[in-house]
Amino acid sequence: MNLQVVYCNHHTANLGIRERLAFSREQIPEAYTALRAAFPRAEWVVLSTCNRIEVYTAQEEAEHVPSHHDVARFFADFHHVPLAEFFDDLVERTGPDVVRHLFQVASSLDSMVLGEPQIVAQVKEAYALAHDHAAAGPLTNALFQRALNVAKRVRSETTLAEGRVSIASVAVGDFGRRIFNRFDDKTVLVIGAGEMAAETLRYLHDAGARQVLVTNRTLSRAEETAAEWGGLVRPFAQLDEWLAQADVIVSTTGADPPLVDRERFLRVRRKSGRKSVFILDLGVPRDFEPAVNDLDDDIYLYCIDDLEAVCEQNRQARSGEVEKALDIIEQETEKFRSELYHRATGPIIKRLREHHHGIVSDELAKLFARLPHLEKDRADIERSFEQLVNKLLHPPLEALRDEARDGTPHGLMNALKRLFGLHDE
Amino acid sequence: MLHVTVFCFLASYLVAFGLELGRLLGRSAISRFVMVGFGIAGFAAHSLYLVNRSQETHLPPLLASTHDWMLVLAWVLVLFYIFLTLAQKELAVGVFALPVVLVLVGSAYFLNQEPYVTELNTARAHRAWAMLHTASLVFGMTAGAAGFLSGLMYLIQHRRLKAHHAEPTGLKMPSLARLAQVNRWSIMLTFLFLTLGFASGVFLQVVPQAERSPVRLSDPAVVGSSIVWLFLAAAFVRLLAGRTSAGRQVAWLTLAGCGFLLLTVVGLLVITGSIHSYSHTIPSAAPAVPARGLESDV
């Protein structure tokens, strides 16, 4: 039983290398074809996400197992990247370390954001693709199915996934939902555009927000964001008017000096009246002067540092659960390893038993043919012989089980085959 | 009939409260199950106690004594607590509601348990008015307690949000919008029920009752309740006049008004021992009944 993984991830390689070695969904079939052509007896699973590229190999026989260098060469040939540029960024693990590594990956212990939930779906998808392209086999099947179960166990027995750790999710989930009961009757104003605004809008949209106004100095970017979220573009020149209309304001321009100072927002408040307004200032430097928060009791202004501080608290709370998760993974790795090695010895035990019981049947048939008067005691005689065989086989089988605890006992299995004349089927 | 004492359900609520506090440190399904179990067990014992008392006095608990009246108030609050805890498992309702329940049950322990009147000396029509009076007061007090708790939660939630603090896992509270809604409704309902209670109390005074002496205007309960009522009337008017007033101001108003109401009523009851501290003549039909006049309480 040979397991191996060769990988690079956010710990070992920079984004530039990861981008060049990553497999797109469209490239996966071609990758499996190339791997199967080079090593037809091996099972393969390729896991490729933005943070990791991992190639898992499993094979029953010890001969012709792909080496670390073989997999590295495959990366180089497939992506047309010189080997020297990334070879040192690749890590190889074999045997039980592969099991432990995959369990940690699936449980999100190896993720950039500890406890993030997407990795389970990515592992599941990677395995499904390998299965669809006939690259997976019984070993990888057992390994990946168990990895998904372990991830589930870690999630249910620890609080590793609790507490939001991204800026946008903290903004909407930890603060917005504590101010407003619902978002479907709220007007969201987005000032500026960009990834952070888009992510925050996604969370607001999930929370029910439907009325979105977008304003930006560059009209084309405002139109893009508005089109994506079904919002309306509003001219930047009348910003005060949109500020007064809004219940939720997401600002990402990073203007210097701040776009909205205390006096400006005071004028806005005179227009809007005393209603609760939730302001997410995601700009660096800030778009809203901090003093805006103190204008009245119903203004809730959060800048990126406030949100990052909560993210960090949640991250720390999660990291307290890492030890518990690692314990679970250690138990499961041990259990899986033991099951796997017993599985390897299973066929030889079966053949040994069949071989001996076959001899017993033949000899008994001859005996009863010679001494027919024994027929009346046939059942008792047969039972005695069966017990005799079981007792004779007990010591070698126990030795095999003991050896299997520490790995596939190839030496002992070969010895048994030779001693008892068992031939490969 | 099963013998139940005040201590039985007081102890159950105390354990449930302890478990609620424990959940601030870490939450688990088992601790929630045990906590809700103690809450429900206490509620069952509480209900049984009121039924037993009603059978002993031959009067509904609202008309029996100040002790029973206070326990009915606590019973209604526990009912809300159990409902909210089962419906919203994330919310830490008990941390706020159970101390009020414990104070009410604890106060009831020291209150007079002697019935005000007997069935015999209460005319049917008069008894209906007395029921309306006491029930209005209980509902008004319940709304007041809800307002006090929601006002308190609003102020804590508001403070946390203004200070940019994350919500602790064990102390989740409803959104400010929801709490502001509860605040407004609490003030309105408290004011309306107390007004109804006062009006029915005045009517009970007007109806001639030969065997009873009138309530003195200088009675501490009358004076205290009147001040609270005036305060709530002012809050009610302010609420209606300023529809756009800030949620925090409403929360302070609710906290102060409803807190004052709870403090005054519970305090006066404990100090005076009854809703009204005066005696009246008992008709010869019921000589053994202590001299207390429920029909005139305000």
# chains A, B, ... in the order shown; residues from 1 in each chain; ligands from 1
$ residues_around --residues "segment 259-274 of chain B" --least-positions-apart "3" --cutoff "10 Å" --atoms "only C-alpha atoms" --output "JSON, numbers by chain"
{"B": [65, 66, 67, 70, 100, 103, 104, 107, 108, 109, 110, 111, 112, 113, 114, 116, 140, 141, 142, 144, 145, 147, 148, 149, 151, 152, 190, 219, 220, 221, 222, 224, 225, 227, 228, 229, 231, 232, 253, 254, 255, 256, 277, 278, 292, 293, 294, 297]}
$ write_last_selection --atoms "C-alpha atoms" --output "mmCIF file, in the first residue's frame"
data_model
loop_
_atom_site.group_PDB
_atom_site.id
_atom_site.type_symbol
_atom_site.label_atom_id
_atom_site.label_comp_id
_atom_site.auth_asym_id
_atom_site.auth_seq_id
_atom_site.Cartn_x
_atom_site.Cartn_y
_atom_site.Cartn_z
ATOM 1 C CA SER B 65 -53.783 37.835 48.201
ATOM 2 C CA THR B 66 -50.826 40.055 47.304
ATOM 3 C CA HIS B 67 -48.648 36.950 47.628
ATOM 4 C CA MET B 70 -47.157 38.664 42.751
ATOM 5 C CA VAL B 100 -36.681 39.776 37.618
ATOM 6 C CA VAL B 103 -36.983 39.058 42.677
ATOM 7 C CA LEU B 104 -40.754 38.727 42.208
ATOM 8 C CA SER B 107 -40.698 39.159 47.281
ATOM 9 C CA ALA B 108 -43.854 37.032 47.201
ATOM 10 C CA TYR B 109 -42.268 34.837 49.853
ATOM 11 C CA PHE B 110 -42.408 37.752 52.324
ATOM 12 C CA LEU B 111 -45.870 38.980 51.367
ATOM 13 C CA ASN B 112 -49.110 38.418 53.173
ATOM 14 C CA GLN B 113 -50.717 35.131 52.212
ATOM 15 C CA GLU B 114 -54.039 35.787 53.937
ATOM 16 C CA TYR B 116 -58.361 39.703 51.156
ATOM 17 C CA GLY B 140 -49.518 46.326 32.845
ATOM 18 C CA MET B 141 -46.742 45.107 35.115
ATOM 19 C CA THR B 142 -45.831 42.324 32.658
ATOM 20 C CA GLY B 144 -43.586 47.049 32.170
ATOM 21 C CA ALA B 145 -41.175 44.223 32.957
ATOM 22 C CA GLY B 147 -40.103 47.151 28.602
ATOM 23 C CA PHE B 148 -37.551 47.284 31.403
ATOM 24 C CA LEU B 149 -35.700 44.246 30.037
ATOM 25 C CA GLY B 151 -34.662 48.842 27.390
ATOM 26 C CA LEU B 152 -31.750 47.344 29.281
ATOM 27 C CA THR B 190 -48.008 49.416 30.198
ATOM 28 C CA ASP B 219 -52.102 55.473 51.202
ATOM 29 C CA PRO B 220 -48.453 54.902 50.059
ATOM 30 C CA ALA B 221 -49.617 52.486 47.376
ATOM 31 C CA VAL B 222 -52.005 55.071 45.947
ATOM 32 C CA GLY B 224 -46.605 55.692 44.565
ATOM 33 C CA SER B 225 -48.795 54.199 41.847
ATOM 34 C CA ILE B 227 -46.613 59.022 40.466
ATOM 35 C CA VAL B 228 -45.643 56.045 38.287
ATOM 36 C CA TRP B 229 -48.806 56.428 36.246
ATOM 37 C CA PHE B 231 -44.537 59.318 34.636
ATOM 38 C CA LEU B 232 -45.760 56.718 32.168
ATOM 39 C CA LEU B 253 -37.384 56.282 28.933
ATOM 40 C CA THR B 254 -38.595 52.688 29.031
ATOM 41 C CA LEU B 255 -35.854 51.598 31.391
ATOM 42 C CA ALA B 256 -36.548 54.439 33.788
ATOM 43 C CA SER B 277 -52.973 48.780 53.933
ATOM 44 C CA TYR B 278 -56.295 49.371 55.493
ATOM 45 C CA ARG B 292 -58.232 43.098 53.854
ATOM 46 C CA GLY B 293 -60.118 44.786 51.010
ATOM 47 C CA LEU B 294 -59.116 43.695 47.526
ATOM 48 C CA ASP B 297 -57.031 48.175 45.717
#
$ residues_around --residues "Asp110 of chain A" --least-positions-apart "5" --cutoff "10 Å" --atoms "only C-alpha atoms" --output "MDAnalysis selection string"
chainID A and resid 9:11 51:52 101:105 115:116 119
$ write_last_selection --atoms "N, CA and C atoms" --output "short mmCIF file (atom, residue, chain, number, x, y, z; two decimals), in the first residue's frame"
data_model
loop_
_atom_site.label_atom_id
_atom_site.label_comp_id
_atom_site.auth_asym_id
_atom_site.auth_seq_id
_atom_site.Cartn_x
_atom_site.Cartn_y
_atom_site.Cartn_z
N ASN A 9 1.70 24.90 -1.57
CA ASN A 9 0.54 25.66 -1.09
C ASN A 9 0.99 27.05 -0.62
N HIS A 10 0.08 27.76 0.04
CA HIS A 10 0.39 29.15 0.44
C HIS A 10 1.51 29.23 1.47
N HIS A 11 1.85 28.09 2.11
CA HIS A 11 2.99 28.10 3.05
C HIS A 11 4.31 27.96 2.30
N ASN A 51 -5.18 28.38 -3.23
CA ASN A 51 -4.13 28.33 -2.21
C ASN A 51 -3.27 27.07 -2.25
N ARG A 52 -3.65 26.09 -3.05
CA ARG A 52 -2.87 24.84 -3.06
C ARG A 52 -3.04 24.08 -4.37
N HIS A 101 -2.13 14.64 6.35
CA HIS A 101 -2.15 15.91 5.58
C HIS A 101 -3.52 16.14 4.95
N LEU A 102 -4.05 15.11 4.31
CA LEU A 102 -5.35 15.30 3.65
C LEU A 102 -6.46 15.59 4.68
N PHE A 103 -6.39 14.91 5.81
CA PHE A 103 -7.40 15.16 6.85
C PHE A 103 -7.30 16.61 7.34
N GLN A 104 -6.09 17.11 7.46
CA GLN A 104 -5.90 18.50 7.90
C GLN A 104 -6.40 19.49 6.84
N VAL A 105 -6.12 19.16 5.60
CA VAL A 105 -6.57 20.04 4.50
C VAL A 105 -8.10 20.09 4.48
N GLY A 115 -10.50 27.30 9.40
CA GLY A 115 -11.91 26.97 9.59
C GLY A 115 -12.82 27.38 8.46
N GLU A 116 -12.25 27.90 7.34
CA GLU A 116 -13.13 28.34 6.24
C GLU A 116 -13.86 27.13 5.64
N ILE A 119 -13.24 24.71 1.60
CA ILE A 119 -12.28 23.66 1.27
C ILE A 119 -12.94 22.27 1.22
#
$ interface_residues --of "chain B" --to "chain A" --cutoff "12 Å" --atoms "only C-alpha atoms" --output "PDB file with N, CA and C atoms, in the first residue's frame"
ATOM      1  N   GLY B  26     -19.537  29.230  27.735  1.00  0.00           N
ATOM      2  CA  GLY B  26     -19.508  28.259  26.642  1.00  0.00           C
ATOM      3  C   GLY B  26     -20.862  27.598  26.509  1.00  0.00           C
ATOM      4  N   ARG B  27     -21.302  27.414  25.265  1.00  0.00           N
ATOM      5  CA  ARG B  27     -22.629  26.883  25.035  1.00  0.00           C
ATOM      6  C   ARG B  27     -22.555  25.440  24.557  1.00  0.00           C
ATOM      7  N   SER B  28     -23.492  24.631  25.027  1.00  0.00           N
ATOM      8  CA  SER B  28     -23.587  23.273  24.505  1.00  0.00           C
ATOM      9  C   SER B  28     -25.051  22.864  24.554  1.00  0.00           C
ATOM     10  N   ALA B  29     -25.374  21.881  23.720  1.00  0.00           N
ATOM     11  CA  ALA B  29     -26.772  21.430  23.633  1.00  0.00           C
ATOM     12  C   ALA B  29     -27.210  20.857  24.980  1.00  0.00           C
ATOM     13  N   MET B 153     -31.547  45.777  27.444  1.00  0.00           N
ATOM     14  CA  MET B 153     -30.830  45.098  26.356  1.00  0.00           C
ATOM     15  C   MET B 153     -30.464  46.083  25.255  1.00  0.00           C
ATOM     16  N   TYR B 154     -31.373  47.004  24.967  1.00  0.00           N
ATOM     17  CA  TYR B 154     -31.103  47.998  23.925  1.00  0.00           C
ATOM     18  C   TYR B 154     -29.853  48.805  24.280  1.00  0.00           C
ATOM     19  N   LEU B 155     -29.802  49.245  25.529  1.00  0.00           N
ATOM     20  CA  LEU B 155     -28.683  50.102  25.935  1.00  0.00           C
ATOM     21  C   LEU B 155     -27.352  49.339  25.895  1.00  0.00           C
ATOM     22  N   ILE B 156     -27.392  48.069  26.286  1.00  0.00           N
ATOM     23  CA  ILE B 156     -26.159  47.263  26.241  1.00  0.00           C
ATOM     24  C   ILE B 156     -25.730  47.040  24.780  1.00  0.00           C
ATOM     25  N   GLN B 157     -26.712  46.653  23.962  1.00  0.00           N
ATOM     26  CA  GLN B 157     -26.424  46.402  22.544  1.00  0.00           C
ATOM     27  C   GLN B 157     -25.910  47.678  21.860  1.00  0.00           C
ATOM     28  N   HIS B 158     -26.550  48.799  22.166  1.00  0.00           N
ATOM     29  CA  HIS B 158     -26.172  50.074  21.569  1.00  0.00           C
ATOM     30  C   HIS B 158     -24.747  50.455  21.971  1.00  0.00           C
ATOM     31  N   ARG B 159     -24.450  50.268  23.240  1.00  0.00           N
ATOM     32  CA  ARG B 159     -23.113  50.596  23.750  1.00  0.00           C
ATOM     33  C   ARG B 159     -22.035  49.758  23.049  1.00  0.00           C
ATOM     34  N   ARG B 160     -22.342  48.470  22.902  1.00  0.00           N
ATOM     35  CA  ARG B 160     -21.392  47.575  22.233  1.00  0.00           C
ATOM     36  C   ARG B 160     -21.174  47.990  20.778  1.00  0.00           C
ATOM     37  N   LEU B 161     -22.265  48.313  20.106  1.00  0.00           N
ATOM     38  CA  LEU B 161     -22.145  48.673  18.684  1.00  0.00           C
ATOM     39  C   LEU B 161     -21.397  49.985  18.495  1.00  0.00           C
ATOM     40  N   LYS B 162     -21.672  50.940  19.363  1.00  0.00           N
ATOM     41  CA  LYS B 162     -20.989  52.232  19.257  1.00  0.00           C
ATOM     42  C   LYS B 162     -19.497  52.073  19.549  1.00  0.00           C
ATOM     43  N   ALA B 163     -19.186  51.142  20.459  1.00  0.00           N
ATOM     44  CA  ALA B 163     -17.777  50.915  20.820  1.00  0.00           C
ATOM     45  C   ALA B 163     -17.102  49.921  19.872  1.00  0.00           C
ATOM     46  N   HIS B 164     -17.841  49.470  18.839  1.00  0.00           N
ATOM     47  CA  HIS B 164     -17.307  48.545  17.828  1.00  0.00           C
ATOM     48  C   HIS B 164     -16.913  47.198  18.420  1.00  0.00           C
ATOM     49  N   HIS B 165     -17.632  46.769  19.448  1.00  0.00           N
ATOM     50  CA  HIS B 165     -17.313  45.474  20.059  1.00  0.00           C
ATOM     51  C   HIS B 165     -18.100  44.356  19.398  1.00  0.00           C
ATOM     52  N   ALA B 166     -17.430  43.215  19.240  1.00  0.00           N
ATOM     53  CA  ALA B 166     -18.124  42.046  18.686  1.00  0.00           C
ATOM     54  C   ALA B 166     -19.101  41.518  19.727  1.00  0.00           C
ATOM     55  N   GLU B 167     -20.079  40.767  19.271  1.00  0.00           N
ATOM     56  CA  GLU B 167     -21.075  40.214  20.186  1.00  0.00           C
ATOM     57  C   GLU B 167     -20.519  38.959  20.851  1.00  0.00           C
ATOM     58  N   PRO B 168     -20.485  38.907  22.195  1.00  0.00           N
ATOM     59  CA  PRO B 168     -19.983  37.680  22.832  1.00  0.00           C
ATOM     60  C   PRO B 168     -20.901  36.502  22.498  1.00  0.00           C
ATOM     61  N   THR B 169     -20.288  35.329  22.313  1.00  0.00           N
ATOM     62  CA  THR B 169     -21.065  34.152  21.898  1.00  0.00           C
ATOM     63  C   THR B 169     -22.198  33.846  22.872  1.00  0.00           C
ATOM     64  N   LYS B 172     -25.985  36.767  23.236  1.00  0.00           N
ATOM     65  CA  LYS B 172     -26.585  37.311  22.012  1.00  0.00           C
ATOM     66  C   LYS B 172     -27.918  37.960  22.349  1.00  0.00           C
ATOM     67  N   MET B 173     -28.144  39.118  21.730  1.00  0.00           N
ATOM     68  CA  MET B 173     -29.387  39.854  21.973  1.00  0.00           C
ATOM     69  C   MET B 173     -30.042  40.197  20.646  1.00  0.00           C
ATOM     70  N   PRO B 174     -31.333  40.515  20.655  1.00  0.00           N
ATOM     71  CA  PRO B 174     -31.985  40.887  19.395  1.00  0.00           C
ATOM     72  C   PRO B 174     -31.375  42.175  18.825  1.00  0.00           C
ATOM     73  N   SER B 175     -31.719  42.465  17.562  1.00  0.00           N
ATOM     74  CA  SER B 175     -31.187  43.680  16.920  1.00  0.00           C
ATOM     75  C   SER B 175     -31.776  44.925  17.585  1.00  0.00           C
ATOM     76  N   LEU B 176     -31.096  46.046  17.376  1.00  0.00           N
ATOM     77  CA  LEU B 176     -31.591  47.306  17.955  1.00  0.00           C
ATOM     78  C   LEU B 176     -32.987  47.627  17.426  1.00  0.00           C
ATOM     79  N   ALA B 177     -33.212  47.344  16.134  1.00  0.00           N
ATOM     80  CA  ALA B 177     -34.525  47.654  15.541  1.00  0.00           C
ATOM     81  C   ALA B 177     -35.623  46.882  16.266  1.00  0.00           C
ATOM     82  N   ARG B 178     -35.370  45.590  16.526  1.00  0.00           N
ATOM     83  CA  ARG B 178     -36.374  44.759  17.216  1.00  0.00           C
ATOM     84  C   ARG B 178     -36.586  45.245  18.656  1.00  0.00           C
ATOM     85  N   LEU B 179     -35.494  45.566  19.337  1.00  0.00           N
ATOM     86  CA  LEU B 179     -35.598  46.014  20.732  1.00  0.00           C
ATOM     87  C   LEU B 179     -36.327  47.355  20.818  1.00  0.00           C
ATOM     88  N   ALA B 180     -36.079  48.249  19.831  1.00  0.00           N
ATOM     89  CA  ALA B 180     -36.762  49.542  19.834  1.00  0.00           C
ATOM     90  C   ALA B 180     -38.261  49.339  19.668  1.00  0.00           C
ATOM     91  N   GLN B 181     -38.621  48.368  18.817  1.00  0.00           N
ATOM     92  CA  GLN B 181     -40.043  48.042  18.605  1.00  0.00           C
ATOM     93  C   GLN B 181     -40.683  47.577  19.916  1.00  0.00           C
ATOM     94  N   GLY B 242     -43.197  62.492  19.473  1.00  0.00           N
ATOM     95  CA  GLY B 242     -41.930  62.444  18.725  1.00  0.00           C
ATOM     96  C   GLY B 242     -41.712  61.085  18.125  1.00  0.00           C
ATOM     97  N   ARG B 243     -42.311  60.820  16.995  1.00  0.00           N
ATOM     98  CA  ARG B 243     -42.217  59.490  16.380  1.00  0.00           C
ATOM     99  C   ARG B 243     -40.796  59.172  15.898  1.00  0.00           C
ATOM    100  N   THR B 244     -40.028  60.226  15.631  1.00  0.00           N
ATOM    101  CA  THR B 244     -38.677  59.981  15.105  1.00  0.00           C
ATOM    102  C   THR B 244     -37.608  60.043  16.202  1.00  0.00           C
ATOM    103  N   SER B 245     -38.052  60.086  17.455  1.00  0.00           N
ATOM    104  CA  SER B 245     -37.061  60.204  18.525  1.00  0.00           C
ATOM    105  C   SER B 245     -36.126  58.993  18.528  1.00  0.00           C
ATOM    106  N   ALA B 246     -34.888  59.242  18.931  1.00  0.00           N
ATOM    107  CA  ALA B 246     -33.849  58.213  18.851  1.00  0.00           C
ATOM    108  C   ALA B 246     -34.199  57.010  19.717  1.00  0.00           C
ATOM    109  N   GLY B 247     -33.815  55.832  19.200  1.00  0.00           N
ATOM    110  CA  GLY B 247     -34.117  54.605  19.912  1.00  0.00           C
ATOM    111  C   GLY B 247     -33.510  54.592  21.303  1.00  0.00           C
ATOM    112  N   ARG B 248     -32.327  55.219  21.445  1.00  0.00           N
ATOM    113  CA  ARG B 248     -31.653  55.201  22.732  1.00  0.00           C
ATOM    114  C   ARG B 248     -32.446  56.008  23.763  1.00  0.00           C
ATOM    115  N   GLN B 249     -33.024  57.120  23.334  1.00  0.00           N
ATOM    116  CA  GLN B 249     -33.836  57.924  24.268  1.00  0.00           C
ATOM    117  C   GLN B 249     -35.061  57.133  24.723  1.00  0.00           C
ATOM    118  N   VAL B 250     -35.675  56.444  23.759  1.00  0.00           N
ATOM    119  CA  VAL B 250     -36.850  55.625  24.101  1.00  0.00           C
ATOM    120  C   VAL B 250     -36.440  54.528  25.072  1.00  0.00           C
ATOM    121  N   ALA B 251     -35.254  53.955  24.819  1.00  0.00           N
ATOM    122  CA  ALA B 251     -34.782  52.882  25.702  1.00  0.00           C
ATOM    123  C   ALA B 251     -34.569  53.402  27.120  1.00  0.00           C
TER     124      ALA B 251
END
$ select_by_dssp --residues "segment 94-180 of chain A" --states "alpha helix (DSSP H)" --output "VMD selection string"
chain A and resid 96 to 106 118 to 132 138 to 157 167 to 169 177 to 179
$ write_last_selection --atoms "C-alpha atoms" --output "PDB file, in the first residue's frame"
ATOM      1  CA  PRO A  96       0.552   7.942   7.078  1.00  0.00           C
ATOM      2  CA  ASP A  97       1.706  11.541   6.588  1.00  0.00           C
ATOM      3  CA  VAL A  98      -0.422  11.679   3.442  1.00  0.00           C
ATOM      4  CA  VAL A  99      -3.500  10.614   5.395  1.00  0.00           C
ATOM      5  CA  ARG A 100      -2.797  13.159   8.140  1.00  0.00           C
ATOM      6  CA  HIS A 101      -2.146  15.905   5.582  1.00  0.00           C
ATOM      7  CA  LEU A 102      -5.351  15.300   3.646  1.00  0.00           C
ATOM      8  CA  PHE A 103      -7.397  15.157   6.850  1.00  0.00           C
ATOM      9  CA  GLN A 104      -5.902  18.504   7.903  1.00  0.00           C
ATOM     10  CA  VAL A 105      -6.571  20.043   4.501  1.00  0.00           C
ATOM     11  CA  ALA A 106     -10.197  18.852   4.407  1.00  0.00           C
ATOM     12  CA  GLN A 118     -15.142  26.172   1.099  1.00  0.00           C
ATOM     13  CA  ILE A 119     -12.279  23.657   1.267  1.00  0.00           C
ATOM     14  CA  VAL A 120     -14.586  20.711   2.039  1.00  0.00           C
ATOM     15  CA  ALA A 121     -16.520  21.371  -1.158  1.00  0.00           C
ATOM     16  CA  GLN A 122     -13.247  21.740  -3.084  1.00  0.00           C
ATOM     17  CA  VAL A 123     -11.919  18.398  -1.786  1.00  0.00           C
ATOM     18  CA  LYS A 124     -15.227  16.765  -2.621  1.00  0.00           C
ATOM     19  CA  GLU A 125     -15.199  18.207  -6.130  1.00  0.00           C
ATOM     20  CA  ALA A 126     -11.580  17.170  -6.733  1.00  0.00           C
ATOM     21  CA  TYR A 127     -12.389  13.591  -5.765  1.00  0.00           C
ATOM     22  CA  ALA A 128     -15.561  13.574  -7.893  1.00  0.00           C
ATOM     23  CA  LEU A 129     -13.595  14.776 -10.926  1.00  0.00           C
ATOM     24  CA  ALA A 130     -10.952  12.073 -10.387  1.00  0.00           C
ATOM     25  CA  HIS A 131     -13.712   9.498 -10.141  1.00  0.00           C
ATOM     26  CA  ASP A 132     -15.434  10.780 -13.283  1.00  0.00           C
ATOM     27  CA  PRO A 138     -10.368   1.845  -4.188  1.00  0.00           C
ATOM     28  CA  LEU A 139      -7.514   3.367  -2.151  1.00  0.00           C
ATOM     29  CA  THR A 140      -8.170   6.991  -3.035  1.00  0.00           C
ATOM     30  CA  ASN A 141     -11.883   6.312  -2.629  1.00  0.00           C
ATOM     31  CA  ALA A 142     -11.372   5.114   0.947  1.00  0.00           C
ATOM     32  CA  LEU A 143      -8.955   7.958   1.695  1.00  0.00           C
ATOM     33  CA  PHE A 144     -11.098  10.807   0.368  1.00  0.00           C
ATOM     34  CA  GLN A 145     -14.383   9.478   1.745  1.00  0.00           C
ATOM     35  CA  ARG A 146     -12.761   9.259   5.151  1.00  0.00           C
ATOM     36  CA  ALA A 147     -11.264  12.738   4.791  1.00  0.00           C
ATOM     37  CA  LEU A 148     -14.743  14.188   4.190  1.00  0.00           C
ATOM     38  CA  ASN A 149     -16.083  12.346   7.250  1.00  0.00           C
ATOM     39  CA  VAL A 150     -13.185  13.601   9.379  1.00  0.00           C
ATOM     40  CA  ALA A 151     -13.869  17.183   8.222  1.00  0.00           C
ATOM     41  CA  LYS A 152     -17.478  16.733   9.292  1.00  0.00           C
ATOM     42  CA  ARG A 153     -16.414  15.384  12.674  1.00  0.00           C
ATOM     43  CA  VAL A 154     -13.986  18.263  13.280  1.00  0.00           C
ATOM     44  CA  ARG A 155     -16.682  20.754  12.343  1.00  0.00           C
ATOM     45  CA  SER A 156     -19.234  19.228  14.719  1.00  0.00           C
ATOM     46  CA  GLU A 157     -16.910  18.542  17.664  1.00  0.00           C
ATOM     47  CA  ILE A 167     -14.030  41.815   6.690  1.00  0.00           C
ATOM     48  CA  ALA A 168     -17.263  41.770   4.686  1.00  0.00           C
ATOM     49  CA  SER A 169     -18.869  38.911   6.630  1.00  0.00           C
ATOM     50  CA  ARG A 177     -27.586  42.310  11.719  1.00  0.00           C
ATOM     51  CA  ARG A 178     -27.327  43.690  15.245  1.00  0.00           C
ATOM     52  CA  ILE A 179     -28.548  47.077  14.092  1.00  0.00           C
TER      53      ILE A 179
END
$ atom_distance --atom1 "atom CA of Ala197 of chain A" --atom2 "atom CA of Val250 of chain A"
6.8 Å
$ residues_around --residues "Ser361 of chain A" --least-positions-apart "3" --cutoff "12 Å" --atoms "only C-alpha atoms" --output "list in words"
Glu354, His355, His356, His357, Gly358, Leu364, Ala365, Lys366, Leu367, Phe368, Arg378, Ile381, Glu382, Arg383, Phe385, Glu386 and Val389 of chain A
$ write_last_selection --atoms "C-alpha atoms" --output "mmCIF file, in the first residue's frame"
data_model
loop_
_atom_site.group_PDB
_atom_site.id
_atom_site.type_symbol
_atom_site.label_atom_id
_atom_site.label_comp_id
_atom_site.auth_asym_id
_atom_site.auth_seq_id
_atom_site.Cartn_x
_atom_site.Cartn_y
_atom_site.Cartn_z
ATOM 1 C CA GLU A 354 -9.220 -21.566 1.789
ATOM 2 C CA HIS A 355 -6.018 -23.485 1.049
ATOM 3 C CA HIS A 356 -6.049 -25.326 4.397
ATOM 4 C CA HIS A 357 -9.769 -25.976 4.449
ATOM 5 C CA GLY A 358 -9.484 -27.312 0.901
ATOM 6 C CA LEU A 364 -11.940 -36.180 4.744
ATOM 7 C CA ALA A 365 -13.520 -37.264 1.473
ATOM 8 C CA LYS A 366 -10.812 -39.912 1.089
ATOM 9 C CA LEU A 367 -11.224 -41.003 4.716
ATOM 10 C CA PHE A 368 -14.995 -41.476 4.492
ATOM 11 C CA ARG A 378 -19.199 -37.354 10.031
ATOM 12 C CA ILE A 381 -15.148 -35.508 12.687
ATOM 13 C CA GLU A 382 -15.502 -32.572 10.302
ATOM 14 C CA ARG A 383 -15.847 -30.143 13.217
ATOM 15 C CA PHE A 385 -10.677 -31.144 11.703
ATOM 16 C CA GLU A 386 -11.911 -27.576 11.209
ATOM 17 C CA VAL A 389 -6.874 -26.194 11.098
#
$ select_by_dssp --residues "segment 273-336 of chain A" --states "strand (DSSP E or B)" --output "list in words"
Val277, Phe278, Ile279, Leu280, Asp281, Phe288, Ile299, Tyr300, Leu301, Tyr302 and Cys303 of chain A
$ closest_residue --among "A:Arg217, A:Thr345, A:Glu224, A:Pro290" --to "Asp402 of chain A" --atoms "only C-alpha atoms"
A:Thr345
$ atom_distance --atom1 "atom CA of Leu10 of chain B" --atom2 "atom CA of Ser47 of chain B"
12.4 Å
$ residues_around --residues "Phe43 of chain B" --least-positions-apart "6" --cutoff "8 Å" --atoms "only C-alpha atoms" --output "PyMOL selection string"
chain B and resi 9+75+78-79
$ write_last_selection --atoms "N, CA and C atoms" --output "mmCIF file, in the first residue's frame"
data_model
loop_
_atom_site.group_PDB
_atom_site.id
_atom_site.type_symbol
_atom_site.label_atom_id
_atom_site.label_comp_id
_atom_site.auth_asym_id
_atom_site.auth_seq_id
_atom_site.Cartn_x
_atom_site.Cartn_y
_atom_site.Cartn_z
ATOM 1 N N PHE B 9 -40.097 26.044 43.327
ATOM 2 C CA PHE B 9 -39.872 26.665 42.007
ATOM 3 C C PHE B 9 -38.850 27.790 42.064
ATOM 4 N N TRP B 75 -45.311 34.293 37.144
ATOM 5 C CA TRP B 75 -45.716 33.141 36.304
ATOM 6 C C TRP B 75 -45.826 33.575 34.834
ATOM 7 N N VAL B 78 -42.371 34.047 33.410
ATOM 8 C CA VAL B 78 -41.691 32.769 33.140
ATOM 9 C C VAL B 78 -42.240 32.154 31.852
ATOM 10 N N LEU B 79 -43.543 32.300 31.660
ATOM 11 C CA LEU B 79 -44.163 31.784 30.437
ATOM 12 C C LEU B 79 -43.493 32.418 29.212
#
